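K.L.:
Take a look at the following structure, please.
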Amino acid sequence: MRRFKRAFTGLLCLALLAVLLPGCSTRKTSVECVIGVSLANLREQWRLVLKDELEAEAEKYDGVRLVMTDAAGDSEKQEADVERLMSYDIDLLIISPTDVEALTPVISKTYEKIPVIVLDRAVEGYDYSLFIGPDNNLIGRQAGKAVLELLGEDGGSDASVLEMKNDSFASESRSAEFVKTVSEAEVPTRSIDLPEATRDCAEDTLLSDPELLEGVDVIFAHNDYMAYGAHLALEELGVNGIRIVGLDGFSGENGGLQLVEQGVIDATVTCPTGGTEAIRYAVDIINQVSGIPKQIILRSHQIRPDNVADYQRETPLTEKPAVIRVGYAQIGEESHRREACTESIRQAAKDFDVDLTMEFTQPLVEEQTRLVQRFIHQDMDVIVISPVVAEGWLPVLEEARAAGIPILLVDRMVDEEEGMYTSFIGADFEEEGRRCARWLLDELPEQTIRVLELRGTEGSSPAQSRKNGFEEVIDGSSRCRIVHSACGNFTREGGRLAVQEYLEHRGWDIDAIFAHNDDMALGTLEYLAEQGIQPGTDVKIMSIDGTSDALDALQSGRVNCVVECNPLLGPQLMKAITDLMQGKELPLRIITDESVFTKDTPRSQFQNRKY
Ligand code: GYE
């Protein structure tokens, strides 16, 4: 029956394609997979570019068929579109949601049956296979910096900015960061919401109310078509001297790149659609390729007249070196998870024929900096860093940039602007902290909860972000708070010492231990038991990493919640390096897929783990 249904579906899809996608060829190959694509609308240019990219990439794969639907901006219709696509027996869904809140339930339901790739706007939670989208906060900051650069000396409180946006999730995030960025230079911004994010709507809005332009020095429009509309209105009104910044940066007729090149607008910020990446990852997911990330955050660029030509110049397929030489500054002896990360990188380097020089240093940024400088002098093709702490990296990142050597960050982040490194591969540490807090509040629903926090290495990005994520969730609850926080440096000894010191200075009044990693949690177990405090029973214990020892302790009831922080980053790193050497632009961040383990986790999920 399923075969008949699939054959019928295949014919129906081909027929539907003939209607929906006139440009799509109907090759004679067998239909190996059918990908349903639910688009938010086909009214905005960004969506039309997305559709083109999806089709163009799908054309490269024999046997991939796309069935597209257009929600026309209506979330109820999009929900019905998804259900209709499911009735066609599709193998995978790609969706660009109209309204993330409204579409989260149907996406979660679909994800129970088939893989789902979400584009552009992340739904709430993580019920999807992969999210691909831009960093809207970064885009807002880049647009703000473009405005401030245009204002130059004329910036400050006497200047005036008109922001033309539309009422969408992405627009709100971008606007908040944009206004924050320009406000730091005391530049006042007036924001108006347009009913439609289109050229005509922007033009009509200004023509119908020219007073909006009173005293304005710069207009920031949330896409290049609105920016073009603003330009046409200024021309019609005979208003000169107002600068314009747009968004999206597409090529083609009246695309942002052309508008900047022609001086119609003064700058734009690129916002890639992710359509090409979506098809590539869809094929990998359908082929059950391992190591699929959870999120791909795409890089955006500020485009000005002085760099628009370079930006459009095809990245030359660099003569890929016969053997790619990689210098890796890895953190030294620290935790069992660190060892697993190191081994994963080493094995992947062998699998990808990469010449890897991995060296370990004392856990000091000065030591790691010296090692990176050595790699620069050795003229490595790529330098990879797992930064022991987040601060203090700018000088050596600038040295690497001056030497033309790309820097990839793996497993930990630095507190420097995004342009100073090529890509980050690792976890969403804040979400790991949130997951611990959500579990705790669910596990102890009624009572007051006093938490002892065991922090990781001071100043390290996982320690900072896990704490932030945990506190973000418990701050919403009056009954749960961190009553004591101590640094355990991600080690077992550090965890044990922290609990010992607590007990030496006061009686045990703790309901839960939030450990930033497994090793610190495991380091407390024996000592607690020696003091007559049953770990997992008398005190709930949460930790992060997902190492085998922690999962053993979970199954024996001595630990209660283990949030995974996958260290097996080798394959993703080496694929990124290979892509980079072939001239491909890497995403800004590649975020790993991670689980939460509790006493309710099916035993099958504990098997075949590699660390
Ligand atoms: O949680 C800990 C390791 O950098 C995310 O460092 C990593 C952390 C991990 O020592 O076990």
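Ligands are numbered from 1 in the order shown, chains are lettered A, B, ... in the order of the structure tokens, and residues start at 1 in each chain.
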Compile the contact shell of A:Asp545 as a list in words: residues with an atom at most 8 Å away, counting only C-alpha atoms, same-chain residues fewer than 2 positions apart removed.
P.N.:
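Selected residues are Arg337, Asn517, Asp518, Ser543, Thr547, Val562, Val563, Glu564, Cys565, Asn566 and Pro567 of chain A.
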K.L.:
Could you report the residues within 9 Å of ligand 1, using only C-alpha atoms and all ligand atoms, as a ChimeraX atom specification?
P.N.:
/A:331,333-339,341,386-388,410-413,426-427,429,456-457,460-463,489-491,516-520,543-545,547,564-567
K.L.:
Please produce a file of those selected residues containing N, CA and C atoms, as a tab-separated table (two decimals), in the first residue's frame.
P.N.:
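The resulting file, out17.tsv, is shown below:
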chain	number	residue	atom	x	y	z
A	331	ILE	N	43.09	23.16	24.74
A	331	ILE	CA	43.24	23.30	26.20
A	331	ILE	C	43.84	22.00	26.74
A	333	GLU	N	45.14	19.24	29.89
A	333	GLU	CA	44.48	18.27	30.76
A	333	GLU	C	43.39	18.99	31.58
A	334	GLU	N	42.17	18.51	31.49
A	334	GLU	CA	41.10	19.24	32.20
A	334	GLU	C	39.99	18.27	32.58
A	335	SER	N	39.32	17.70	31.58
A	335	SER	CA	38.17	16.84	31.92
A	335	SER	C	38.13	15.67	30.94
A	336	HIS	N	37.34	14.67	31.31
A	336	HIS	CA	37.20	13.49	30.44
A	336	HIS	C	36.62	13.91	29.10
A	337	ARG	N	35.76	14.90	29.18
A	337	ARG	CA	35.15	15.36	27.92
A	337	ARG	C	36.20	16.00	27.03
A	338	ARG	N	37.12	16.74	27.62
A	338	ARG	CA	38.18	17.39	26.84
A	338	ARG	C	38.97	16.33	26.07
A	339	GLU	N	39.24	15.22	26.74
A	339	GLU	CA	39.99	14.13	26.08
A	339	GLU	C	39.20	13.59	24.88
A	341	CYS	N	37.05	15.24	23.13
A	341	CYS	CA	37.09	16.26	22.06
A	341	CYS	C	38.40	16.14	21.30
A	386	SER	N	40.70	26.40	20.82
A	386	SER	CA	39.69	26.20	21.86
A	386	SER	C	40.09	27.14	22.98
A	387	PRO	N	39.59	28.37	22.99
A	387	PRO	CA	40.11	29.41	23.91
A	387	PRO	C	39.76	29.11	25.37
A	388	VAL	N	40.80	29.04	26.20
A	388	VAL	CA	40.58	28.65	27.60
A	388	VAL	C	39.68	29.67	28.30
A	410	VAL	N	36.69	26.43	18.19
A	410	VAL	CA	36.02	25.15	18.43
A	410	VAL	C	35.80	24.99	19.92
A	411	ASP	N	34.55	24.70	20.30
A	411	ASP	CA	34.21	24.31	21.67
A	411	ASP	C	34.09	25.46	22.65
A	412	ARG	N	34.76	26.56	22.40
A	412	ARG	CA	34.61	27.72	23.28
A	412	ARG	C	34.68	28.99	22.43
A	413	MET	N	34.06	30.05	22.95
A	413	MET	CA	33.91	31.30	22.20
A	413	MET	C	34.86	32.35	22.77
A	426	GLY	N	30.49	24.58	18.01
A	426	GLY	CA	30.37	24.15	19.42
A	426	GLY	C	28.93	24.19	19.85
A	427	ALA	N	28.73	24.30	21.16
A	427	ALA	CA	27.39	24.16	21.73
A	427	ALA	C	26.78	25.52	22.02
A	429	PHE	N	25.78	27.13	24.90
A	429	PHE	CA	26.00	26.96	26.34
A	429	PHE	C	24.86	27.54	27.17
A	456	GLY	N	32.51	26.49	36.12
A	456	GLY	CA	33.70	26.07	35.37
A	456	GLY	C	34.76	27.15	35.43
A	457	THR	N	35.78	26.98	34.61
A	457	THR	CA	36.93	27.89	34.61
A	457	THR	C	36.49	29.36	34.55
A	460	SER	N	35.70	31.55	31.29
A	460	SER	CA	35.52	30.74	30.07
A	460	SER	C	34.09	30.92	29.56
A	461	SER	N	33.91	30.84	28.24
A	461	SER	CA	32.57	31.10	27.69
A	461	SER	C	31.54	30.08	28.18
A	462	PRO	N	31.86	28.78	28.29
A	462	PRO	CA	30.82	27.87	28.80
A	462	PRO	C	30.40	28.21	30.22
A	463	ALA	N	31.35	28.58	31.07
A	463	ALA	CA	31.00	28.90	32.46
A	463	ALA	C	30.11	30.14	32.50
A	489	ASN	N	36.64	24.85	38.38
A	489	ASN	CA	37.57	24.72	37.24
A	489	ASN	C	37.34	23.51	36.36
A	490	PHE	N	36.14	23.02	36.30
A	490	PHE	CA	35.76	21.90	35.44
A	490	PHE	C	36.45	20.59	35.84
A	491	THR	N	37.03	20.52	37.05
A	491	THR	CA	37.74	19.28	37.42
A	491	THR	C	37.01	18.57	38.57
A	516	HIS	N	28.60	22.92	36.32
A	516	HIS	CA	28.81	23.31	34.92
A	516	HIS	C	29.39	22.19	34.07
A	517	ASN	N	29.88	21.13	34.70
A	517	ASN	CA	30.28	19.96	33.89
A	517	ASN	C	30.24	18.69	34.73
A	518	ASP	N	30.31	17.56	34.04
A	518	ASP	CA	30.20	16.25	34.71
A	518	ASP	C	31.30	16.05	35.73
A	519	ASP	N	32.53	16.40	35.35
A	519	ASP	CA	33.65	16.10	36.25
A	519	ASP	C	33.46	16.73	37.63
A	520	MET	N	33.01	17.95	37.67
A	520	MET	CA	32.82	18.59	38.99
A	520	MET	C	31.69	17.90	39.74
A	543	SER	N	24.27	18.12	35.81
A	543	SER	CA	25.58	18.44	35.24
A	543	SER	C	25.49	18.49	33.73
A	544	ILE	N	26.56	18.92	33.11
A	544	ILE	CA	26.57	19.15	31.66
A	544	ILE	C	27.79	18.47	31.06
A	545	ASP	N	27.65	17.79	30.03
A	545	ASP	CA	28.62	17.13	29.14
A	545	ASP	C	28.04	15.86	28.57
A	547	THR	N	29.19	12.61	29.67
A	547	THR	CA	30.24	11.58	29.62
A	547	THR	C	29.70	10.26	30.18
A	564	GLU	N	23.64	17.09	27.59
A	564	GLU	CA	24.78	16.76	26.71
A	564	GLU	C	25.47	18.02	26.20
A	565	CYS	N	26.79	17.97	26.14
A	565	CYS	CA	27.59	19.00	25.46
A	565	CYS	C	28.58	18.22	24.60
A	566	ASN	N	28.15	17.95	23.38
A	566	ASN	CA	28.82	16.97	22.53
A	566	ASN	C	30.25	17.39	22.17
A	567	PRO	N	31.26	16.60	22.58
A	567	PRO	CA	32.65	16.97	22.28
A	567	PRO	C	33.13	16.42	20.94
K.L.:
Just the number, please: distance in Å from atom CA of A:Asn223 to atom CA of A:Ala146, one decimal.
P.N.:
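Atom CA of A:Ala146 lies at a distance of 14.2 Å from atom CA of A:Asn223.
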K.L.:
Considering only C-alpha atoms, state which residue in the set A:Tyr527, A:Phe597, A:Phe352, A:Trp508 is at the smallest distance from A:Ala550.
P.N.:
A:Phe597
K.L.:
Which polymer residues have any atom within 8 Å of an atom of A:Pro97, counting only C-alpha atoms, with same-chain residues fewer than 6 positions away left out, as a PyMOL selection string?
P.N.:
chain A and resi 38-40+75+78+103+118-121
K.L.:
So, counting only C-alpha atoms, which residue among A:Glu504, A:Glu418, A:Asp351, A:Glu53 is closest to A:Lys575?
P.N.:
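Among the listed residues, the smallest separation from A:Lys575 belongs to A:Asp351.
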K.L.:
Would you list the contacts of stretch 472-481 of chain A as a PyMOL selection string, taking every protein, DNA or RNA residue within 7 Å and counting only C-alpha atoms, but skipping same-chain residues closer than 5 positions in sequence?
P.N.:
chain A and resi 434+437-438+447-451
K.L.:
Give me the residues within 9 Å of A:Phe470 as a VMD selection string, counting only C-alpha atoms and dropping any in the same chain fewer than 6 places off.
P.N.:
chain A and resid 430 to 438 514
K.L.:
Mind checking DSSP for stretch 29-120 of chain A and telling me the alpha helix (DSSP H) residues as a JSON list (two decimals) with N, CA and C atoms, in the first residue's frame?
P.N.:
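Everything below was put into states-v2.json:
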[["chain", "number", "residue", "atom", "x", "y", "z"],
["A", 45, "GLN", "N", 10.85, 40.00, -1.58],
["A", 45, "GLN", "CA", 11.97, 39.61, -2.45],
["A", 45, "GLN", "C", 12.84, 38.55, -1.80],
["A", 46, "TRP", "N", 13.04, 38.69, -0.47],
["A", 46, "TRP", "CA", 13.92, 37.73, 0.23],
["A", 46, "TRP", "C", 13.37, 36.31, 0.03],
["A", 47, "ARG", "N", 12.04, 36.19, 0.01],
["A", 47, "ARG", "CA", 11.44, 34.84, -0.13],
["A", 47, "ARG", "C", 11.59, 34.33, -1.55],
["A", 48, "LEU", "N", 11.51, 35.26, -2.50],
["A", 48, "LEU", "CA", 11.68, 34.85, -3.91],
["A", 48, "LEU", "C", 13.11, 34.35, -4.13],
["A", 49, "VAL", "N", 14.07, 35.04, -3.51],
["A", 49, "VAL", "CA", 15.48, 34.61, -3.63],
["A", 49, "VAL", "C", 15.64, 33.25, -2.95],
["A", 50, "LEU", "N", 14.98, 33.08, -1.80],
["A", 50, "LEU", "CA", 15.04, 31.79, -1.09],
["A", 50, "LEU", "C", 14.52, 30.68, -2.01],
["A", 51, "LYS", "N", 13.38, 30.92, -2.63],
["A", 51, "LYS", "CA", 12.78, 29.90, -3.52],
["A", 51, "LYS", "C", 13.75, 29.57, -4.65],
["A", 52, "ASP", "N", 14.34, 30.61, -5.25],
["A", 52, "ASP", "CA", 15.28, 30.38, -6.36],
["A", 52, "ASP", "C", 16.48, 29.54, -5.90],
["A", 53, "GLU", "N", 16.99, 29.86, -4.71],
["A", 53, "GLU", "CA", 18.16, 29.13, -4.20],
["A", 53, "GLU", "C", 17.82, 27.67, -3.94],
["A", 54, "LEU", "N", 16.64, 27.44, -3.37],
["A", 54, "LEU", "CA", 16.22, 26.06, -3.08],
["A", 54, "LEU", "C", 16.13, 25.26, -4.39],
["A", 55, "GLU", "N", 15.49, 25.87, -5.36],
["A", 55, "GLU", "CA", 15.32, 25.18, -6.65],
["A", 55, "GLU", "C", 16.67, 24.92, -7.32],
["A", 56, "ALA", "N", 17.51, 25.95, -7.32],
["A", 56, "ALA", "CA", 18.80, 25.82, -8.03],
["A", 56, "ALA", "C", 19.64, 24.72, -7.39],
["A", 57, "GLU", "N", 19.63, 24.65, -6.06],
["A", 57, "GLU", "CA", 20.45, 23.61, -5.40],
["A", 57, "GLU", "C", 19.84, 22.24, -5.59],
["A", 58, "ALA", "N", 18.51, 22.18, -5.54],
["A", 58, "ALA", "CA", 17.85, 20.86, -5.70],
["A", 58, "ALA", "C", 18.12, 20.30, -7.09],
["A", 75, "SER", "N", -0.59, 32.50, 8.69],
["A", 75, "SER", "CA", -0.07, 31.37, 9.47],
["A", 75, "SER", "C", -1.06, 30.20, 9.50],
["A", 76, "GLU", "N", -2.36, 30.51, 9.49],
["A", 76, "GLU", "CA", -3.34, 29.40, 9.46],
["A", 76, "GLU", "C", -3.21, 28.63, 8.14],
["A", 77, "LYS", "N", -3.04, 29.38, 7.05],
["A", 77, "LYS", "CA", -2.88, 28.71, 5.75],
["A", 77, "LYS", "C", -1.58, 27.90, 5.77],
["A", 78, "GLN", "N", -0.52, 28.43, 6.40],
["A", 78, "GLN", "CA", 0.75, 27.69, 6.41],
["A", 78, "GLN", "C", 0.59, 26.39, 7.19],
["A", 79, "GLU", "N", -0.16, 26.43, 8.26],
["A", 79, "GLU", "CA", -0.42, 25.21, 9.03],
["A", 79, "GLU", "C", -1.11, 24.18, 8.13],
["A", 80, "ALA", "N", -2.09, 24.65, 7.36],
["A", 80, "ALA", "CA", -2.81, 23.75, 6.44],
["A", 80, "ALA", "C", -1.87, 23.27, 5.33],
["A", 81, "ASP", "N", -0.98, 24.16, 4.88],
["A", 81, "ASP", "CA", 0.01, 23.76, 3.85],
["A", 81, "ASP", "C", 0.87, 22.60, 4.35],
["A", 82, "VAL", "N", 1.33, 22.71, 5.60],
["A", 82, "VAL", "CA", 2.20, 21.66, 6.15],
["A", 82, "VAL", "C", 1.44, 20.34, 6.20],
["A", 83, "GLU", "N", 0.19, 20.40, 6.65],
["A", 83, "GLU", "CA", -0.61, 19.18, 6.71],
["A", 83, "GLU", "C", -0.84, 18.59, 5.33],
["A", 84, "ARG", "N", -1.03, 19.47, 4.34],
["A", 84, "ARG", "CA", -1.23, 18.96, 2.98],
["A", 84, "ARG", "C", 0.08, 18.31, 2.47],
["A", 85, "LEU", "N", 1.19, 18.97, 2.75],
["A", 85, "LEU", "CA", 2.47, 18.39, 2.31],
["A", 85, "LEU", "C", 2.69, 17.02, 2.97],
["A", 86, "MET", "N", 2.31, 16.91, 4.24],
["A", 86, "MET", "CA", 2.47, 15.62, 4.92],
["A", 86, "MET", "C", 1.61, 14.55, 4.24],
["A", 87, "SER", "N", 0.47, 14.98, 3.69],
["A", 87, "SER", "CA", -0.41, 13.98, 3.04],
["A", 87, "SER", "C", 0.20, 13.49, 1.72],
["A", 100, "VAL", "N", 6.39, 32.39, 14.17],
["A", 100, "VAL", "CA", 7.04, 31.27, 14.86],
["A", 100, "VAL", "C", 6.15, 30.70, 15.95],
["A", 101, "GLU", "N", 5.47, 31.56, 16.71],
["A", 101, "GLU", "CA", 4.65, 31.07, 17.82],
["A", 101, "GLU", "C", 3.52, 30.20, 17.28],
["A", 102, "ALA", "N", 2.87, 30.69, 16.23],
["A", 102, "ALA", "CA", 1.70, 29.96, 15.69],
["A", 102, "ALA", "C", 2.12, 28.65, 15.04],
["A", 103, "LEU", "N", 3.31, 28.62, 14.45],
["A", 103, "LEU", "CA", 3.72, 27.43, 13.69],
["A", 103, "LEU", "C", 4.48, 26.40, 14.54],
["A", 104, "THR", "N", 4.90, 26.77, 15.76],
["A", 104, "THR", "CA", 5.68, 25.82, 16.57],
["A", 104, "THR", "C", 4.95, 24.49, 16.77],
["A", 105, "PRO", "N", 3.64, 24.49, 17.12],
["A", 105, "PRO", "CA", 2.96, 23.19, 17.36],
["A", 105, "PRO", "C", 2.97, 22.27, 16.13],
["A", 106, "VAL", "N", 2.67, 22.82, 14.95],
["A", 106, "VAL", "CA", 2.60, 21.93, 13.76],
["A", 106, "VAL", "C", 3.99, 21.46, 13.36],
["A", 107, "ILE", "N", 4.99, 22.29, 13.64],
["A", 107, "ILE", "CA", 6.37, 21.87, 13.33],
["A", 107, "ILE", "C", 6.78, 20.75, 14.28],
["A", 108, "SER", "N", 6.45, 20.91, 15.56],
["A", 108, "SER", "CA", 6.77, 19.85, 16.54],
["A", 108, "SER", "C", 6.08, 18.54, 16.16],
["A", 109, "LYS", "N", 4.82, 18.65, 15.76],
["A", 109, "LYS", "CA", 4.04, 17.44, 15.39],
["A", 109, "LYS", "C", 4.67, 16.78, 14.15],
["A", 110, "THR", "N", 5.05, 17.59, 13.19],
["A", 110, "THR", "CA", 5.66, 17.05, 11.96],
["A", 110, "THR", "C", 7.00, 16.39, 12.27],
["A", 111, "TYR", "N", 7.74, 17.02, 13.19],
["A", 111, "TYR", "CA", 9.09, 16.53, 13.54],
["A", 111, "TYR", "C", 9.03, 15.15, 14.21]]
K.L.:
What does the distance between atom CA of A:Tyr502 and atom CA of A:Asp549 come to in Å, to one decimal place?
P.N.:
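The value is 24.4 Å.
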K.L.:
Which residues, written as a PyMOL selection string, have at least one atom at most 6 Å from A:Asp248, with only C-alpha atoms counted and residues fewer than 3 positions away on the same chain left out?
P.N.:
chain A and resi 223+269-271
K.L.:
Can I get the selected residues back with N, CA, C and O atoms, as a CSV table (one decimal), in the first residue's frame?
P.N.:
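This went into out-v3.csv:
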chain,number,residue,atom,x,y,z
A,223,ASN,N,14.8,46.3,4.5
A,223,ASN,CA,15.2,45.6,3.4
A,223,ASN,C,15.5,46.5,2.3
A,223,ASN,O,15.1,47.7,2.3
A,269,VAL,N,23.3,45.6,4.5
A,269,VAL,CA,23.9,44.5,5.3
A,269,VAL,C,23.3,43.2,4.7
A,269,VAL,O,22.1,43.1,4.5
A,270,THR,N,24.1,42.3,4.4
A,270,THR,CA,23.7,41.1,3.7
A,270,THR,C,22.9,40.2,4.7
A,270,THR,O,23.2,40.1,5.9
A,271,CYS,N,21.9,39.5,4.2
A,271,CYS,CA,21.1,38.6,5.0
A,271,CYS,C,20.9,37.3,4.1
A,271,CYS,O,19.9,37.3,3.4
